[in-house]
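A.B. asks: Got a file for you: entry-v3.cif, mmCIF, C-alpha atoms.
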```
data_target
#
loop_
_atom_site.group_PDB
_atom_site.id
_atom_site.type_symbol
_atom_site.label_atom_id
_atom_site.label_comp_id
_atom_site.auth_asym_id
_atom_site.auth_seq_id
_atom_site.Cartn_x
_atom_site.Cartn_y
_atom_site.Cartn_z
ATOM 1 C CA MET A 1 18.174 72.602 18.537
ATOM 2 C CA LYS A 2 14.760 72.764 16.862
ATOM 3 C CA LYS A 3 12.114 75.264 17.933
ATOM 4 C CA LEU A 4 8.694 73.636 18.293
ATOM 5 C CA LEU A 5 5.629 75.856 18.617
ATOM 6 C CA ILE A 6 2.365 74.474 19.964
ATOM 7 C CA MET A 7 -0.532 76.832 19.389
ATOM 8 C CA CYS A 8 -4.276 76.911 19.828
ATOM 9 C CA GLY A 9 -6.986 79.526 19.597
ATOM 10 C CA THR A 10 -6.322 81.160 22.964
ATOM 11 C CA GLY A 11 -2.892 79.826 23.948
ATOM 12 C CA VAL A 12 -4.340 78.358 27.129
ATOM 13 C CA ALA A 13 -6.453 75.215 27.185
ATOM 14 C CA THR A 14 -5.740 72.794 24.360
ATOM 15 C CA SER A 15 -2.194 73.971 23.748
ATOM 16 C CA THR A 16 -1.416 73.289 27.423
ATOM 17 C CA ILE A 17 -2.705 69.715 27.106
ATOM 18 C CA VAL A 18 -0.794 69.131 23.861
ATOM 19 C CA THR A 19 2.395 70.707 25.240
ATOM 20 C CA GLY A 20 2.307 68.325 28.205
ATOM 21 C CA LYS A 21 1.827 65.287 25.975
ATOM 22 C CA VAL A 22 4.542 66.350 23.529
ATOM 23 C CA LYS A 23 6.952 67.039 26.407
ATOM 24 C CA SER A 24 6.342 63.543 27.837
ATOM 25 C CA TRP A 25 6.736 61.974 24.394
ATOM 26 C CA LEU A 26 10.016 63.836 23.812
ATOM 27 C CA GLU A 27 11.353 62.591 27.157
ATOM 28 C CA ASP A 28 10.173 59.018 26.504
ATOM 29 C CA ASN A 29 11.992 59.052 23.162
ATOM 30 C CA GLY A 30 15.173 60.789 24.356
ATOM 31 C CA LEU A 31 14.515 63.813 22.156
ATOM 32 C CA GLN A 32 13.999 66.467 24.857
ATOM 33 C CA ASN A 33 17.499 67.904 24.297
ATOM 34 C CA ASN A 34 16.806 68.345 20.572
ATOM 35 C CA VAL A 35 13.805 70.632 20.987
ATOM 36 C CA LYS A 36 12.836 73.866 22.704
ATOM 37 C CA LEU A 37 9.071 74.053 23.261
ATOM 38 C CA TYR A 38 7.023 77.210 22.839
ATOM 39 C CA GLN A 39 3.304 77.650 23.499
ATOM 40 C CA SER A 40 1.092 80.449 22.241
ATOM 41 C CA LYS A 41 -2.127 81.484 20.545
ATOM 42 C CA ILE A 42 -2.455 81.584 16.793
ATOM 43 C CA SER A 43 -3.209 85.316 16.579
ATOM 44 C CA GLU A 44 0.171 86.148 18.141
ATOM 45 C CA GLU A 45 2.158 83.736 15.982
ATOM 46 C CA LEU A 46 0.865 84.032 12.412
ATOM 47 C CA SER A 47 3.400 86.737 11.564
ATOM 48 C CA ARG A 48 6.256 84.808 13.233
ATOM 49 C CA LEU A 49 5.781 81.255 11.948
ATOM 50 C CA ASP A 50 9.142 81.393 10.167
ATOM 51 C CA ASP A 51 10.809 81.634 13.592
ATOM 52 C CA TYR A 52 9.915 77.982 14.293
ATOM 53 C CA ASP A 53 11.134 74.711 12.831
ATOM 54 C CA ILE A 54 8.048 72.695 13.804
ATOM 55 C CA ILE A 55 4.508 73.941 14.404
ATOM 56 C CA VAL A 56 1.703 71.931 15.977
ATOM 57 C CA SER A 57 -1.765 73.496 16.035
ATOM 58 C CA THR A 58 -5.060 72.452 17.570
ATOM 59 C CA THR A 59 -6.959 75.207 15.779
ATOM 60 C CA LEU A 60 -7.701 76.042 12.167
ATOM 61 C CA VAL A 61 -4.887 77.781 10.316
ATOM 62 C CA PRO A 62 -4.942 79.854 7.115
ATOM 63 C CA ASP A 63 -4.560 77.879 3.889
ATOM 64 C CA ASN A 64 -1.316 79.683 3.023
ATOM 65 C CA VAL A 65 0.471 78.127 6.045
ATOM 66 C CA LYS A 66 -1.436 74.836 6.303
ATOM 67 C CA SER A 67 1.329 72.804 4.630
ATOM 68 C CA ARG A 68 3.772 73.760 7.422
ATOM 69 C CA ILE A 69 1.463 72.842 10.289
ATOM 70 C CA ILE A 70 1.136 69.489 12.047
ATOM 71 C CA ASP A 71 -2.416 68.891 13.275
ATOM 72 C CA GLY A 72 -2.345 68.491 17.062
ATOM 73 C CA VAL A 73 -5.978 67.387 17.420
ATOM 74 C CA PRO A 74 -5.001 63.671 17.560
ATOM 75 C CA LEU A 75 -3.489 64.351 20.988
ATOM 76 C CA LEU A 76 -6.902 65.516 22.160
ATOM 77 C CA THR A 77 -8.927 62.715 20.567
ATOM 78 C CA GLY A 78 -6.389 59.897 20.842
ATOM 79 C CA MET A 79 -7.004 58.937 17.214
ATOM 80 C CA GLY A 80 -3.974 59.212 14.928
ATOM 81 C CA LYS A 81 -1.535 60.337 17.605
ATOM 82 C CA GLU A 82 1.220 57.875 16.640
ATOM 83 C CA GLU A 83 1.189 59.204 13.066
ATOM 84 C CA MET A 84 1.291 62.746 14.437
ATOM 85 C CA PHE A 85 4.290 61.923 16.636
ATOM 86 C CA GLU A 86 6.034 60.356 13.624
ATOM 87 C CA LYS A 87 5.613 63.648 11.737
ATOM 88 C CA ILE A 88 7.121 65.559 14.655
ATOM 89 C CA LYS A 89 9.995 63.068 14.939
ATOM 90 C CA ALA A 90 10.742 63.363 11.218
ATOM 91 C CA GLN A 91 10.928 67.157 11.554
ATOM 92 C CA ILE A 92 13.174 66.928 14.629
ATOM 93 C CA LEU A 93 15.592 64.578 12.904
ATOM 94 C CA ALA A 94 15.532 66.398 9.526
#
```
Once more with this new file: its structure as structure tokens, please.

C.D. replies:
Amino acid sequence: MKKLLIMCGTGVATSTIVTGKVKSWLEDNGLQNNVKLYQSKISEELSRLDDYDIIVSTTLVPDNVKSRIIDGVPLLTGMGKEEMFEKIKAQILA
């Protein structure tokens, strides 16, 4: 089972919206049993990023971890969300 972290600046507003959308997408695609969702704020997770298989962020992340992060902003704007979900799916199935 993959561990998927969704994080934002405060761990409250945007990460809650994105978590809900990702959870629905996982269920719609039959992937909910492949993933355990976690939600938090970036300041609490930067030292623990290695604990997660997939990381989605709606806030800016340091350059040294940027390559590991999937941008979650498309779920807020609606633009590019299918491509974002494809990235998540690829990580789940990897």

A.B. asks: Counting only C-alpha atoms, which residue out of A:Asp53, A:Glu44, A:Asp28, A:Glu82 sits closest to Leu5 of chain A?

C.D. replies: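 Looking only at the distances to Leu5 of chain A, the closest residue turns out to be A:Asp53.
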
A.B. asks: I would like the residues chosen by the PyMOL selection byres ((chain A and resi 57) around 10) on the shown file; could you give them as a PyMOL selection string?

C.D. replies: chain A and resi 5-9+14-15+18+39-42+55-56+58-61+66+69-73

A.B. asks: Which residues fall under the PyMOL selection byres ((chain A and resi 93) around 12) in this file, as a list of chain:residue names?

C.D. replies: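 What the PyMOL selection byres ((chain A and resi 93) around 12) grabs from the file is A:Met1, A:Lys2, A:Leu31, A:Asn34, A:Val35, A:Asp53, A:Ile54, A:Glu86, A:Lys87, A:Ile88, A:Lys89, A:Ala90, A:Gln91, A:Ile92, A:Ala94.
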
A.B. asks: Could you work out how far atom CA of Lys21 of chain A lies from atom CA of Ser67 of chain A, giving the answer in Å with one decimal?

C.D. replies: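 Going from atom CA of Ser67 of chain A over to atom CA of Lys21 of chain A, I get 22.6 Å.
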
A.B. asks: Name the closest residue to Phe85 of chain A among the candidates A:Asn64, A:Ala13, A:Trp25, A:Leu49; distances are taken between atoms, counting only C-alpha atoms.

C.D. replies: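 For Phe85 of chain A, the nearest of the candidates is A:Trp25.
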
A.B. asks: Using all atoms listed in the file, find the one residue out of A:Ser47, A:Tyr52, A:Leu26, A:Ile17 that sits nearest to Leu76 of chain A.

C.D. replies: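 Smallest distance to Leu76 of chain A is found for A:Ile17.
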
A.B. asks: Select, from A:Lys23, A:Asp63, A:Leu75, A:Tyr38, the residue with the minimum atom-to-atom distance to Asp51 of chain A, counting only C-alpha atoms.

C.D. replies: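 Distance minimum relative to Asp51 of chain A lands on A:Tyr38.
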
A.B. asks: Please, what distance in Å, to one decimal, runs between atom CA of Thr10 of chain A and atom CA of Glu83 of chain A?

C.D. replies: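 Separation of atom CA of Thr10 of chain A and atom CA of Glu83 of chain A: 25.2 Å.
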
A.B. asks: Please, what distance in Å, to one decimal, runs between atom CA of Val12 of chain A and atom CA of Glu45 of chain A?

C.D. replies: 14.0 Å

A.B. asks: Have a look at A:Ser43, A:Asp50, A:Gly30, A:Leu37 and name the one nearest to Lys3 of chain A; count only C-alpha atoms.

C.D. replies: A:Leu37

A.B. asks: May I ask which of the residues A:Ser24, A:Arg48, A:Thr16, A:Lys36 is the closest one to Leu4 of chain A, counting all atoms listed in the file?

C.D. replies: A:Lys36
